[in-house]
Structure formats: structure tokens, C-alpha cells
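Undergrad: So here's final.cif (mmCIF, C-alpha atoms (C1' of nucleotides)).
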data_run
#
loop_
_atom_site.label_atom_id
_atom_site.label_comp_id
_atom_site.auth_asym_id
_atom_site.auth_seq_id
_atom_site.Cartn_x
_atom_site.Cartn_y
_atom_site.Cartn_z
CA MET A 1 3.79 -162.03 101.26
CA THR A 2 1.69 -164.92 102.47
CA THR A 3 4.46 -165.85 104.88
CA ASP A 4 2.77 -163.53 107.33
CA ASP A 5 1.69 -164.57 110.78
CA THR A 6 -1.87 -164.50 109.48
CA GLY A 7 -1.21 -167.56 107.34
CA PRO A 8 -1.44 -170.25 110.00
CA LEU A 9 -4.32 -168.42 111.65
CA ALA A 10 -6.19 -168.32 108.35
CA ASP A 11 -5.58 -172.02 107.84
CA THR A 12 -6.82 -173.05 111.26
CA LEU A 13 -9.74 -170.67 111.16
CA SER A 14 -10.92 -172.00 107.82
CA ARG A 15 -10.80 -175.58 109.13
CA GLU A 16 -12.74 -174.74 112.28
CA LEU A 17 -15.32 -172.76 110.41
CA ARG A 18 -16.00 -175.77 108.23
CA HIS A 19 -16.80 -177.86 111.27
CA LEU A 20 -19.04 -175.21 112.74
CA VAL A 21 -20.86 -174.87 109.47
CA MET A 22 -21.67 -178.55 109.56
CA LEU A 23 -22.80 -178.26 113.15
CA LEU A 24 -25.16 -175.42 112.43
CA ARG A 25 -26.54 -176.89 109.25
CA ARG A 26 -27.65 -179.95 111.14
CA THR A 27 -29.32 -177.77 113.70
CA THR A 28 -32.04 -177.12 111.17
CA ALA A 29 -32.14 -180.65 109.79
CA GLY A 30 -35.58 -182.17 110.16
CA GLN A 31 -37.18 -178.86 111.03
CA PRO A 32 -40.11 -177.46 109.08
CA VAL A 33 -37.95 -174.79 107.46
CA THR A 34 -34.47 -175.13 106.04
CA SER A 35 -31.54 -173.09 107.19
CA GLN A 36 -31.83 -170.73 104.20
CA GLN A 37 -35.54 -170.29 104.58
CA TYR A 38 -35.06 -169.43 108.22
CA SER A 39 -32.49 -166.87 107.31
CA VAL A 40 -34.80 -165.28 104.74
CA LEU A 41 -37.67 -165.18 107.22
CA GLY A 42 -35.33 -163.37 109.57
CA SER A 43 -34.85 -160.59 107.02
CA LEU A 44 -38.59 -160.02 106.92
CA GLU A 45 -39.07 -159.48 110.62
CA GLY A 46 -39.06 -155.72 110.47
CA ALA A 47 -40.90 -154.52 107.42
CA PRO A 48 -41.88 -155.85 103.97
CA ARG A 49 -38.90 -156.08 101.63
CA ARG A 50 -38.35 -156.12 97.89
CA MET A 51 -37.03 -159.15 96.08
CA THR A 52 -33.87 -157.36 95.02
CA GLU A 53 -33.12 -156.30 98.58
CA LEU A 54 -33.53 -159.84 99.82
CA ALA A 55 -31.32 -161.29 97.12
CA GLU A 56 -28.57 -158.79 97.82
CA GLU A 57 -28.77 -159.20 101.55
CA HIS A 58 -28.37 -162.94 101.22
CA GLY A 59 -25.68 -162.74 98.58
CA VAL A 60 -27.77 -164.60 96.07
CA GLN A 61 -29.03 -164.01 92.53
CA LEU A 62 -32.56 -162.84 92.01
CA PRO A 63 -33.85 -166.09 90.48
CA THR A 64 -32.65 -168.00 93.51
CA MET A 65 -34.59 -165.70 95.78
CA THR A 66 -37.67 -166.03 93.59
CA VAL A 67 -37.63 -169.77 94.13
CA GLN A 68 -37.09 -169.43 97.87
CA ILE A 69 -39.95 -167.00 98.20
CA ASN A 70 -42.16 -169.22 96.06
CA ARG A 71 -41.65 -172.06 98.48
CA LEU A 72 -42.21 -169.89 101.52
CA GLU A 73 -45.36 -168.52 99.90
CA ASP A 74 -46.61 -172.01 99.12
CA ALA A 75 -45.99 -172.89 102.75
CA GLY A 76 -48.05 -169.88 103.79
CA LEU A 77 -45.19 -168.26 105.67
CA VAL A 78 -44.85 -165.13 103.53
CA ALA A 79 -47.13 -163.14 101.25
CA ARG A 80 -46.25 -161.18 98.13
CA GLY A 81 -47.52 -157.66 97.69
CA SER A 82 -47.06 -154.85 95.21
CA ASP A 83 -45.41 -151.50 95.46
CA ALA A 84 -47.81 -148.60 95.09
CA SER A 85 -45.40 -146.37 93.23
CA ASP A 86 -43.70 -148.93 90.98
CA ALA A 87 -45.63 -151.79 89.47
CA ARG A 88 -42.49 -153.76 88.65
CA VAL A 89 -41.65 -154.20 92.30
CA ARG A 90 -42.91 -157.14 94.33
CA THR A 91 -42.81 -156.85 98.08
CA VAL A 92 -42.64 -159.74 100.49
CA GLU A 93 -43.83 -159.82 104.07
CA LEU A 94 -44.30 -162.33 106.85
CA THR A 95 -47.69 -163.84 107.45
CA GLY A 96 -48.84 -164.47 111.01
CA GLU A 97 -47.97 -168.09 110.51
CA GLY A 98 -44.54 -167.09 109.21
CA ARG A 99 -43.93 -164.89 112.18
CA SER A 100 -44.68 -167.59 114.70
CA ARG A 101 -42.74 -170.18 112.75
CA LEU A 102 -39.75 -167.86 112.74
CA ARG A 103 -39.99 -167.43 116.47
CA ALA A 104 -40.18 -171.17 117.02
CA VAL A 105 -37.21 -171.99 114.82
CA ARG A 106 -35.12 -169.22 116.30
CA GLN A 107 -35.94 -170.51 119.74
CA ALA A 108 -34.84 -174.00 118.77
CA ARG A 109 -31.60 -172.88 117.16
CA ILE A 110 -30.62 -170.65 120.01
CA ALA A 111 -31.47 -173.33 122.53
CA TYR A 112 -29.36 -175.81 120.62
CA LEU A 113 -26.34 -173.57 120.35
CA ALA A 114 -26.76 -172.48 123.96
CA ARG A 115 -26.71 -176.10 125.01
CA GLN A 116 -23.50 -176.60 123.07
CA LEU A 117 -22.02 -173.50 124.62
CA GLU A 118 -22.79 -174.80 128.06
CA THR A 119 -20.39 -177.67 127.49
CA LEU A 120 -17.59 -175.10 127.37
CA THR A 121 -15.88 -173.53 130.33
CA PRO A 122 -16.72 -169.94 131.26
CA GLU A 123 -13.28 -168.94 129.99
CA GLU A 124 -13.92 -170.51 126.63
CA ARG A 125 -17.28 -168.83 126.32
CA SER A 126 -15.71 -165.55 127.24
CA ALA A 127 -13.01 -166.04 124.62
CA ILE A 128 -15.67 -166.57 121.96
CA SER A 129 -17.59 -163.60 123.23
CA VAL A 130 -14.51 -161.39 122.96
CA ALA A 131 -13.75 -162.63 119.46
CA LEU A 132 -17.27 -162.07 118.14
CA PRO A 133 -16.84 -158.44 117.09
CA ALA A 134 -13.71 -159.37 115.17
CA LEU A 135 -15.48 -162.29 113.50
CA ALA A 136 -18.34 -159.98 112.65
CA LYS A 137 -15.96 -157.52 111.05
CA LEU A 138 -14.36 -160.35 109.12
CA GLY A 139 -17.77 -161.44 107.88
CA ARG A 140 -18.60 -157.97 106.58
CA ALA A 141 -15.33 -157.49 104.75
CA MET B 1 -33.87 -172.49 131.37
CA THR B 2 -32.88 -170.80 128.16
CA THR B 3 -32.75 -167.52 130.01
CA ASP B 4 -29.13 -168.30 130.64
CA ASP B 5 -26.34 -165.90 129.77
CA THR B 6 -25.49 -168.23 126.91
CA GLY B 7 -28.69 -167.28 125.11
CA PRO B 8 -27.61 -163.94 123.68
CA LEU B 9 -24.16 -165.31 122.93
CA ALA B 10 -25.70 -168.21 121.05
CA ASP B 11 -27.89 -165.84 119.09
CA THR B 12 -25.07 -163.54 118.05
CA LEU B 13 -22.72 -166.39 117.33
CA SER B 14 -25.18 -168.11 115.06
CA ARG B 15 -25.73 -164.90 113.08
CA GLU B 16 -22.01 -164.27 112.68
CA LEU B 17 -21.29 -167.81 111.68
CA ARG B 18 -23.85 -167.51 108.90
CA HIS B 19 -22.02 -164.54 107.47
CA LEU B 20 -18.66 -166.27 107.69
CA VAL B 21 -20.08 -169.31 106.00
CA MET B 22 -21.14 -167.19 103.07
CA LEU B 23 -17.75 -165.54 102.98
CA LEU B 24 -15.88 -168.83 102.87
CA ARG B 25 -18.22 -170.46 100.40
CA ARG B 26 -17.52 -167.70 97.90
CA THR B 27 -13.81 -168.17 98.43
CA THR B 28 -14.09 -171.32 96.37
CA ALA B 29 -16.59 -169.95 93.88
CA GLY B 30 -15.26 -170.07 90.34
CA GLN B 31 -12.37 -172.32 91.29
CA PRO B 32 -11.79 -175.67 89.65
CA VAL B 33 -12.97 -177.57 92.72
CA THR B 34 -15.95 -176.84 94.93
CA SER B 35 -15.69 -176.26 98.63
CA GLN B 36 -16.78 -179.82 99.40
CA GLN B 37 -14.42 -181.37 96.91
CA TYR B 38 -11.57 -179.38 98.37
CA SER B 39 -12.43 -180.61 101.79
CA VAL B 40 -12.48 -184.23 100.62
CA LEU B 41 -9.15 -183.83 98.86
CA GLY B 42 -7.79 -182.54 102.15
CA SER B 43 -8.70 -185.80 103.86
CA LEU B 44 -6.64 -187.73 101.35
CA GLU B 45 -3.42 -185.86 101.85
CA GLY B 46 -1.84 -188.36 104.18
CA ALA B 47 -2.67 -191.86 103.07
CA PRO B 48 -5.32 -193.64 100.99
CA ARG B 49 -8.66 -193.83 102.80
CA ARG B 50 -11.73 -196.03 102.65
CA MET B 51 -15.08 -194.74 101.47
CA THR B 52 -16.67 -195.31 104.86
CA GLU B 53 -13.97 -193.37 106.63
CA LEU B 54 -14.38 -190.44 104.29
CA ALA B 55 -18.15 -190.39 104.66
CA GLU B 56 -17.92 -190.45 108.44
CA GLU B 57 -15.23 -187.82 108.57
CA HIS B 58 -17.33 -185.48 106.51
CA GLY B 59 -20.56 -186.25 108.29
CA VAL B 60 -22.20 -187.54 105.17
CA GLN B 61 -23.93 -190.72 104.06
CA LEU B 62 -21.98 -193.24 102.03
CA PRO B 63 -23.91 -192.70 98.77
CA THR B 64 -23.13 -188.99 98.95
CA MET B 65 -19.44 -189.76 99.22
CA THR B 66 -19.66 -192.21 96.35
CA VAL B 67 -20.96 -189.45 94.11
CA GLN B 68 -18.32 -186.98 95.26
CA ILE B 69 -15.54 -189.45 94.65
CA ASN B 70 -17.00 -190.33 91.26
CA ARG B 71 -16.72 -186.72 90.22
CA LEU B 72 -13.21 -186.35 91.59
CA GLU B 73 -12.22 -189.55 89.81
CA ASP B 74 -13.71 -188.30 86.54
CA ALA B 75 -11.71 -185.13 87.00
CA GLY B 76 -8.57 -187.21 87.47
CA LEU B 77 -7.89 -185.87 90.95
CA VAL B 78 -8.27 -189.15 92.85
CA ALA B 79 -7.94 -192.84 92.02
CA ARG B 80 -9.82 -195.79 93.46
CA GLY B 81 -7.97 -198.86 94.63
CA SER B 82 -8.80 -202.09 96.41
CA ASP B 83 -7.96 -203.39 99.83
CA ALA B 84 -5.75 -206.48 99.75
CA SER B 85 -7.35 -208.11 102.78
CA ASP B 86 -11.00 -207.30 102.18
CA ALA B 87 -12.40 -207.22 98.68
CA ARG B 88 -15.46 -205.24 99.72
CA VAL B 89 -13.38 -202.21 100.56
CA ARG B 90 -12.58 -199.51 98.04
CA THR B 91 -9.69 -197.21 98.81
CA VAL B 92 -9.26 -193.72 97.46
CA GLU B 93 -6.05 -191.80 97.03
CA LEU B 94 -4.83 -188.57 95.50
CA THR B 95 -3.36 -188.58 92.04
CA GLY B 96 -0.41 -186.31 91.28
CA GLU B 97 -2.81 -183.95 89.62
CA GLY B 98 -5.06 -184.06 92.68
CA ARG B 99 -2.18 -183.32 94.98
CA SER B 100 -1.08 -180.25 93.09
CA ARG B 101 -4.65 -179.04 92.68
CA LEU B 102 -5.15 -179.37 96.41
CA ARG B 103 -2.04 -177.34 97.07
CA ALA B 104 -3.16 -174.62 94.70
CA VAL B 105 -6.64 -174.31 96.15
CA ARG B 106 -5.36 -174.36 99.70
CA GLN B 107 -2.91 -171.64 98.81
CA ALA B 108 -5.70 -169.55 97.34
CA ARG B 109 -8.04 -170.02 100.29
CA ILE B 110 -5.44 -169.26 102.88
CA ALA B 111 -4.23 -166.25 100.97
CA TYR B 112 -7.78 -164.98 100.72
CA LEU B 113 -8.57 -165.42 104.39
CA ALA B 114 -5.18 -164.03 105.35
CA ARG B 115 -5.91 -160.96 103.29
CA GLN B 116 -9.21 -160.57 105.10
CA LEU B 117 -7.50 -161.03 108.43
CA GLU B 118 -5.05 -158.30 107.59
CA THR B 119 -7.88 -155.81 107.54
CA LEU B 120 -8.32 -156.46 111.25
CA THR B 121 -6.29 -154.92 114.03
CA PRO B 122 -3.67 -157.06 115.79
CA GLU B 123 -5.95 -157.10 118.83
CA GLU B 124 -8.84 -158.45 116.80
CA ARG B 125 -6.67 -161.12 115.25
CA SER B 126 -5.42 -162.08 118.65
CA ALA B 127 -8.97 -162.31 119.96
CA ILE B 128 -9.86 -164.72 117.16
CA SER B 129 -6.71 -166.67 117.79
CA VAL B 130 -7.56 -167.04 121.46
CA ALA B 131 -11.11 -168.11 120.70
CA LEU B 132 -10.12 -170.74 118.16
CA PRO B 133 -9.63 -173.63 120.60
CA ALA B 134 -13.05 -172.94 122.07
CA LEU B 135 -14.63 -172.80 118.63
CA ALA B 136 -12.89 -176.03 117.78
CA LYS B 137 -14.29 -177.67 120.89
CA LEU B 138 -17.73 -176.38 120.00
CA GLY B 139 -17.37 -177.87 116.54
CA ARG B 140 -16.52 -181.28 117.92
CA ALA B 141 -19.36 -181.39 120.41
"C1'" DG C 1 -43.01 -142.10 71.77
"C1'" DC C 2 -39.52 -145.31 71.51
"C1'" DA C 3 -35.13 -147.29 73.27
"C1'" DA C 4 -32.67 -148.58 77.17
"C1'" DA C 5 -32.64 -149.82 81.83
"C1'" DT C 6 -34.86 -152.08 85.88
"C1'" DA C 7 -37.58 -155.73 88.51
"C1'" DG C 8 -39.09 -160.23 88.46
"C1'" DT C 9 -40.07 -164.78 86.73
"C1'" DT C 10 -39.33 -169.07 84.07
"C1'" DA C 11 -36.47 -172.70 82.26
"C1'" DG C 12 -32.68 -175.65 82.37
"C1'" DC C 13 -28.35 -177.07 84.44
"C1'" DT C 14 -25.15 -178.43 88.49
"C1'" DT C 15 -23.89 -179.62 93.23
"C1'" DG C 16 -24.92 -181.75 97.36
"C1'" DC C 17 -27.64 -184.01 100.40
"C1'" DC C 18 -30.97 -187.85 101.56
"C1'" DT C 19 -33.39 -192.75 101.63
"C1'" DA C 20 -34.33 -197.14 99.56
"C1'" DA C 21 -32.92 -200.91 97.10
"C1'" DG C 22 -29.40 -203.72 94.87
"C1'" DT C 23 -24.68 -206.26 94.68
"C1'" DT C 24 -20.79 -208.47 96.29
"C1'" DA C 25 -17.81 -210.18 99.92
"C1'" DG C 26 -16.92 -211.75 104.66
"C1'" DG C 27 -18.20 -214.33 108.83
"C1'" DC C 28 -20.77 -217.14 111.79
"C1'" DT C 29 -23.53 -221.02 113.00
"C1'" DG C 30 -25.72 -225.28 112.76
"C1'" DC D 1 -19.68 -226.71 104.42
"C1'" DA D 2 -24.23 -224.52 103.41
"C1'" DG D 3 -26.97 -220.94 104.39
"C1'" DC D 4 -27.85 -216.67 106.39
"C1'" DC D 5 -26.68 -212.26 108.32
"C1'" DT D 6 -23.86 -208.33 108.18
"C1'" DA D 7 -20.78 -204.97 106.07
"C1'" DA D 8 -19.05 -202.06 102.22
"C1'" DC D 9 -20.29 -199.93 98.27
"C1'" DT D 10 -23.01 -198.43 94.23
"C1'" DT D 11 -27.22 -197.18 91.75
"C1'" DA D 12 -31.57 -194.87 91.36
"C1'" DG D 13 -34.68 -191.37 92.40
"C1'" DG D 14 -35.96 -187.16 94.84
"C1'" DC D 15 -35.43 -182.47 96.93
"C1'" DA D 16 -33.11 -177.97 98.17
"C1'" DA D 17 -30.20 -174.37 96.68
"C1'" DG D 18 -27.33 -172.21 93.69
"C1'" DC D 19 -26.23 -170.37 88.79
"C1'" DT D 20 -26.90 -168.32 83.83
"C1'" DA D 21 -29.75 -167.22 79.93
"C1'" DA D 22 -33.90 -165.81 78.11
"C1'" DC D 23 -38.46 -163.76 78.67
"C1'" DT D 24 -42.19 -160.28 80.40
"C1'" DA D 25 -43.61 -156.11 82.12
"C1'" DT D 26 -42.76 -151.65 83.73
"C1'" DT D 27 -40.30 -147.17 84.07
"C1'" DT D 28 -37.29 -143.63 82.53
"C1'" DG D 29 -34.79 -140.69 79.56
"C1'" DC D 30 -33.74 -138.70 75.20
#
Have the structure of the file written as C-alpha cells, please.
TA:
Amino acid sequence: MTTDDTGPLADTLSRELRHLVMLLRRTTAGQPVTSQQYSVLGSLEGAPRRMTELAEEHGVQLPTMTVQINRLEDAGLVARGSDASDARVRTVELTGEGRSRLRAVRQARIAYLARQLETLTPEERSAISVALPALAKLGRA
Amino acid sequence: MTTDDTGPLADTLSRELRHLVMLLRRTTAGQPVTSQQYSVLGSLEGAPRRMTELAEEHGVQLPTMTVQINRLEDAGLVARGSDASDARVRTVELTGEGRSRLRAVRQARIAYLARQLETLTPEERSAISVALPALAKLGRA
DNA sequence: GCAAATAGTTAGCTTGCCTAAGTTAGGCTG
DNA sequence: CAGCCTAACTTAGGCAAGCTAACTATTTGC
């Protein structure tokens, strides 16, 4: 059953993903927000969100998200609010500072990855580009 | 300068990689070794290695590797040895237990990813397959 | 109106990473 | 060959990020 042709592909893919993970993690190293914080800020770009939503979206337990938001709040990047119709619910939204910090970090990350991508040939970039939808689907599964 | 055509690609790629990271991390969740431990065990498959080698290979500082190896040693999965020609050097190798644990975890991870891959169409799998060398190159950069 | 469910937070533990400081061994130089 | 510098590790201490269990405060449903 595992002697499919997907076996070797799965093996190689898992190895490569590990390397890329390391690459990306270091992209945020030394920056004013960590990789996770950046990713949470990204979820807040549109509208205020509830704690539960955030936790689910990031595949994390509620207490973990509480701590993350605490730190972001201490840093002045997000603000907690309350839901008008349900007093149990806390909402979280970006502050102005948070919004501009998000922009800056995103800029830096994209620039970094773009620089890396430029070391590839056009064919290689195109191959990645073509594979992206499939990788996306894999990530949602 | 960042208004290259690599910009959007970089942006999308970084998002997708985040999702895949989460996917893979949970693959090891609940298993007897963590994702990092698994990856260290993998480095030991061939021959005994030195601490410094391991740290470099995993992009980690030496003290971090010391702690990892301590835990693996406590768990009976690796054994420390000494280098005959240089008494400063500690070597690390798999125990029998470590070897079989490695096999089991690898099996599980590959089977998991392979199962995920089977939800894709042959075309999507092929796209990922084609992109792998480029992703690998990106990871080494 | 009280019990159960829901939303968050707090507390305490683990992993994983880091830097700084120590220890021991090897190597070079005067 | 003595003394010093470097190299290989380990130890100690600190922080981020994750988890579960236990607590508080609401809401809902019988």
C-alpha cells in the first residue's frame, strides 16, 4: 500500500520542506517580531477577530493564542476589545503601530525570498510557480 | 527593485510554506520522538558523527545539539563515544533501539505524506515533483 | 433559576533555540 | 618544554512557543 509511486516523492518532499522551514525561520531572526507573531498580525489585517478564530486559524490551542496576543498587546501592536453582543468574547485588532510593523516585516520577508528566488533560473521559478496550487491544496488537506 | 515578478511568487510561496510547515509538524505530534529529534536521528543513519558536524548540519548552535543528544541518549536512542585520535571529540551513533525507532517514524511520516499526496491529481503530483529540485536549490541557498 | 456549555485566562510543564561562561585537550611558539 | 591560544564540548540561564488542567465569567437551555 505504501509501495506506491507517492512514497519516494513524499520522502523527498518532506526532506526539502525541512530545509525550507529552516530558511524561512531565519528570515525573521533578529527582527522585531517573531515568525509566529508576524503570522498572527497577518490574520488581523482585515477586521478585528476573536481569540477562538485566531487560535483555530493558526492551528493552536486557545491558551497559546492568549499568550501570543498578550505579548503583541504589550508591544503595542494589537489592542483587545469586547464584543457588544457577547461579553465573554474578546476581540483583537491591529493598532496603527501594528499595521505599519506588519507592512515592514512583510516587505522584508518578501524581499528576502525574492532575492533567493532570483538565484534560480526562470525555468526553476516557473516550476515552483506551477507547483504552488498543488502545494496549497496539500497544505489545506 | 522589489517590483520584480518574483515579488508575488515570493509572497505566495512564503504563505504556502507556512501551511505546509504546520502540516508536517503535526505529523510528528504525539509520536515518541519530536520532529527535531527525528531529523537528528536521520543524520546518524550512516556512520557515527561528531557533535559539531551535527550542529552545523542542522543549522543550530553546539549547546542546542548537546541538549538534543542528551535527551536522545536518556531515551536510549543514541550512544556517545570518543574519538581515538582526538580526546576532545565526542561521537554519537544510533543504538539498535534508535535505529528501529527511526525506521518506524520515517515509515509513519512517509505514509502520512503519501496519503496526503494521493488526494492530489496525478498532474498536481507531477508539478510538485518537477518543482522539487528548484525547491531544494532554494533551500540550500 | 440553575445546570451545562462556551470564551478566555492563568498556572505549570516541555521543547527548542540562543548567548555567555566554564572545562578539557591539542597545537604552536619562544 | 612551558605557556598560551584555539577547538570541542558542556553547563547555566533566559526567552518563545506549544500543551494540558484548572479557574472565572458569561450565555443558553431545560
Undergrad: Could you write out as a VMD selection string the residues of chain B within 10 Å of chain C, counting all atoms listed in the file?
TA: chain B and resid 34 36 60 to 61 63 to 65 67 to 68 86 to 89
Undergrad: Let me make sure I understand: among B:Leu41, B:Leu20, B:Ala55, B:Ala47, which one has the smallest atom-to-atom distance to chain D if we use only C-alpha atoms (C1' of nucleotides)?
TA: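 Of B:Leu41, B:Leu20, B:Ala55, B:Ala47, the one nearest chain D is B:Ala55, counting only C-alpha atoms (C1' of nucleotides).
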Undergrad: Set the cut-off to 9 Å and count all atoms listed in the file: what are the residues of chain D that reach chain B? Output as a list of chain:residue names.
TA: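 The contacting residues on chain D are D:DA7, D:DA8, D:DC9, D:DT10, D:DT11.
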Undergrad: Limited to C-alpha atoms (C1' of nucleotides), could you put the picked residues into a file as a compact mmCIF listing (two decimals), keeping the file's coordinate frame?
TA:
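Result went into selection14.txt, see below:
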# COMPACT_ATOMS: atom_id res chain seq x y z
C1' DA D 7 -20.78 -204.97 106.07
C1' DA D 8 -19.05 -202.06 102.22
C1' DC D 9 -20.29 -199.93 98.27
C1' DT D 10 -23.01 -198.43 94.23
C1' DT D 11 -27.22 -197.18 91.75
Undergrad: Select, as an MDAnalysis selection string, those residues of chain A with any atom no more than 9 Å from chain B (distances computed using all atoms listed in the file).
TA: chainID A and resid 2 4:24 39 58:59 106:107 109:121 123:141
Undergrad: State, in Å with one decimal place, the distance from atom CA of Val92 of chain B to atom C1' of DT6 of chain D.
TA: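 If I compute the distance from atom CA of Val92 of chain B to atom C1' of DT6 of chain D, I get 23.3 Å.
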Undergrad: Work out how far apart atom CA of Gly46 of chain A and atom C1' of DA25 of chain D are and give it in Å to one decimal.
TA: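 So the answer is 28.7 Å.
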Undergrad: One decimal, Å: what's the distance from atom CA of Pro32 of chain B over to atom CA of Ala75 of chain B, could you say?
TA: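 That distance, rounded to one decimal, is 9.8 Å.
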Undergrad: Kindly reconstruct segment 53-80 of chain A with N, CA and C atoms and present the result as a PDB file, in the coordinates of the input.
TA:
ATOM      1  N   GLU A  53     -33.729-156.499  97.264  1.00  0.00           N
ATOM      2  CA  GLU A  53     -33.120-156.300  98.580  1.00  0.00           C
ATOM      3  C   GLU A  53     -32.762-157.637  99.215  1.00  0.00           C
ATOM      4  N   LEU A  54     -33.725-158.534  99.196  1.00  0.00           N
ATOM      5  CA  LEU A  54     -33.530-159.840  99.820  1.00  0.00           C
ATOM      6  C   LEU A  54     -32.378-160.580  99.167  1.00  0.00           C
ATOM      7  N   ALA A  55     -32.367-160.569  97.850  1.00  0.00           N
ATOM      8  CA  ALA A  55     -31.320-161.290  97.120  1.00  0.00           C
ATOM      9  C   ALA A  55     -29.953-160.725  97.491  1.00  0.00           C
ATOM     10  N   GLU A  56     -29.849-159.405  97.481  1.00  0.00           N
ATOM     11  CA  GLU A  56     -28.570-158.790  97.820  1.00  0.00           C
ATOM     12  C   GLU A  56     -28.140-159.131  99.235  1.00  0.00           C
ATOM     13  N   GLU A  57     -29.082-158.975 100.133  1.00  0.00           N
ATOM     14  CA  GLU A  57     -28.770-159.200 101.550  1.00  0.00           C
ATOM     15  C   GLU A  57     -28.273-160.625 101.796  1.00  0.00           C
ATOM     16  N   HIS A  58     -28.767-161.551 100.992  1.00  0.00           N
ATOM     17  CA  HIS A  58     -28.370-162.940 101.220  1.00  0.00           C
ATOM     18  C   HIS A  58     -27.301-163.380 100.232  1.00  0.00           C
ATOM     19  N   GLY A  59     -26.787-162.435  99.475  1.00  0.00           N
ATOM     20  CA  GLY A  59     -25.680-162.740  98.580  1.00  0.00           C
ATOM     21  C   GLY A  59     -26.048-163.764  97.525  1.00  0.00           C
ATOM     22  N   VAL A  60     -27.235-163.594  96.953  1.00  0.00           N
ATOM     23  CA  VAL A  60     -27.770-164.600  96.070  1.00  0.00           C
ATOM     24  C   VAL A  60     -28.357-163.918  94.833  1.00  0.00           C
ATOM     25  N   GLN A  61     -28.424-164.604  93.721  1.00  0.00           N
ATOM     26  CA  GLN A  61     -29.030-164.010  92.530  1.00  0.00           C
ATOM     27  C   GLN A  61     -30.538-163.941  92.681  1.00  0.00           C
ATOM     28  N   LEU A  62     -31.124-163.053  91.908  1.00  0.00           N
ATOM     29  CA  LEU A  62     -32.560-162.840  92.010  1.00  0.00           C
ATOM     30  C   LEU A  62     -33.369-164.112  91.758  1.00  0.00           C
ATOM     31  N   PRO A  63     -33.059-164.883  90.737  1.00  0.00           N
ATOM     32  CA  PRO A  63     -33.850-166.090  90.480  1.00  0.00           C
ATOM     33  C   PRO A  63     -33.858-167.051  91.666  1.00  0.00           C
ATOM     34  N   THR A  64     -32.728-167.139  92.349  1.00  0.00           N
ATOM     35  CA  THR A  64     -32.650-168.000  93.510  1.00  0.00           C
ATOM     36  C   THR A  64     -33.640-167.531  94.573  1.00  0.00           C
ATOM     37  N   MET A  65     -33.681-166.232  94.773  1.00  0.00           N
ATOM     38  CA  MET A  65     -34.590-165.700  95.780  1.00  0.00           C
ATOM     39  C   MET A  65     -36.045-165.909  95.355  1.00  0.00           C
ATOM     40  N   THR A  66     -36.312-165.777  94.083  1.00  0.00           N
ATOM     41  CA  THR A  66     -37.670-166.030  93.590  1.00  0.00           C
ATOM     42  C   THR A  66     -38.131-167.418  94.005  1.00  0.00           C
ATOM     43  N   VAL A  67     -37.272-168.401  93.790  1.00  0.00           N
ATOM     44  CA  VAL A  67     -37.630-169.770  94.130  1.00  0.00           C
ATOM     45  C   VAL A  67     -37.849-169.927  95.624  1.00  0.00           C
ATOM     46  N   GLN A  68     -36.962-169.352  96.419  1.00  0.00           N
ATOM     47  CA  GLN A  68     -37.090-169.430  97.870  1.00  0.00           C
ATOM     48  C   GLN A  68     -38.432-168.857  98.320  1.00  0.00           C
ATOM     49  N   ILE A  69     -38.725-167.662  97.796  1.00  0.00           N
ATOM     50  CA  ILE A  69     -39.950-167.000  98.200  1.00  0.00           C
ATOM     51  C   ILE A  69     -41.170-167.781  97.724  1.00  0.00           C
ATOM     52  N   ASN A  70     -41.073-168.357  96.542  1.00  0.00           N
ATOM     53  CA  ASN A  70     -42.160-169.220  96.060  1.00  0.00           C
ATOM     54  C   ASN A  70     -42.478-170.314  97.068  1.00  0.00           C
ATOM     55  N   ARG A  71     -41.428-170.959  97.533  1.00  0.00           N
ATOM     56  CA  ARG A  71     -41.650-172.060  98.480  1.00  0.00           C
ATOM     57  C   ARG A  71     -42.243-171.556  99.778  1.00  0.00           C
ATOM     58  N   LEU A  72     -41.702-170.430 100.257  1.00  0.00           N
ATOM     59  CA  LEU A  72     -42.210-169.890 101.520  1.00  0.00           C
ATOM     60  C   LEU A  72     -43.662-169.447 101.344  1.00  0.00           C
ATOM     61  N   GLU A  73     -43.982-168.947 100.155  1.00  0.00           N
ATOM     62  CA  GLU A  73     -45.360-168.520  99.900  1.00  0.00           C
ATOM     63  C   GLU A  73     -46.278-169.745  99.850  1.00  0.00           C
ATOM     64  N   ASP A  74     -45.820-170.781  99.173  1.00  0.00           N
ATOM     65  CA  ASP A  74     -46.610-172.010  99.120  1.00  0.00           C
ATOM     66  C   ASP A  74     -46.862-172.559 100.515  1.00  0.00           C
ATOM     67  N   ALA A  75     -45.875-172.382 101.377  1.00  0.00           N
ATOM     68  CA  ALA A  75     -45.990-172.890 102.750  1.00  0.00           C
ATOM     69  C   ALA A  75     -46.832-171.945 103.613  1.00  0.00           C
ATOM     70  N   GLY A  76     -47.210-170.815 103.053  1.00  0.00           N
ATOM     71  CA  GLY A  76     -48.050-169.880 103.790  1.00  0.00           C
ATOM     72  C   GLY A  76     -47.298-169.036 104.801  1.00  0.00           C
ATOM     73  N   LEU A  77     -45.982-168.981 104.671  1.00  0.00           N
ATOM     74  CA  LEU A  77     -45.190-168.260 105.670  1.00  0.00           C
ATOM     75  C   LEU A  77     -44.924-166.811 105.273  1.00  0.00           C
ATOM     76  N   VAL A  78     -45.001-166.510 103.990  1.00  0.00           N
ATOM     77  CA  VAL A  78     -44.850-165.130 103.530  1.00  0.00           C
ATOM     78  C   VAL A  78     -45.941-164.833 102.510  1.00  0.00           C
ATOM     79  N   ALA A  79     -46.161-163.544 102.261  1.00  0.00           N
ATOM     80  CA  ALA A  79     -47.130-163.140 101.250  1.00  0.00           C
ATOM     81  C   ALA A  79     -46.482-162.094 100.353  1.00  0.00           C
ATOM     82  N   ARG A  80     -46.766-162.184  99.057  1.00  0.00           N
ATOM     83  CA  ARG A  80     -46.250-161.180  98.130  1.00  0.00           C
ATOM     84  C   ARG A  80     -47.228-160.024  98.071  1.00  0.00           C
TER      85      ARG A  80
END
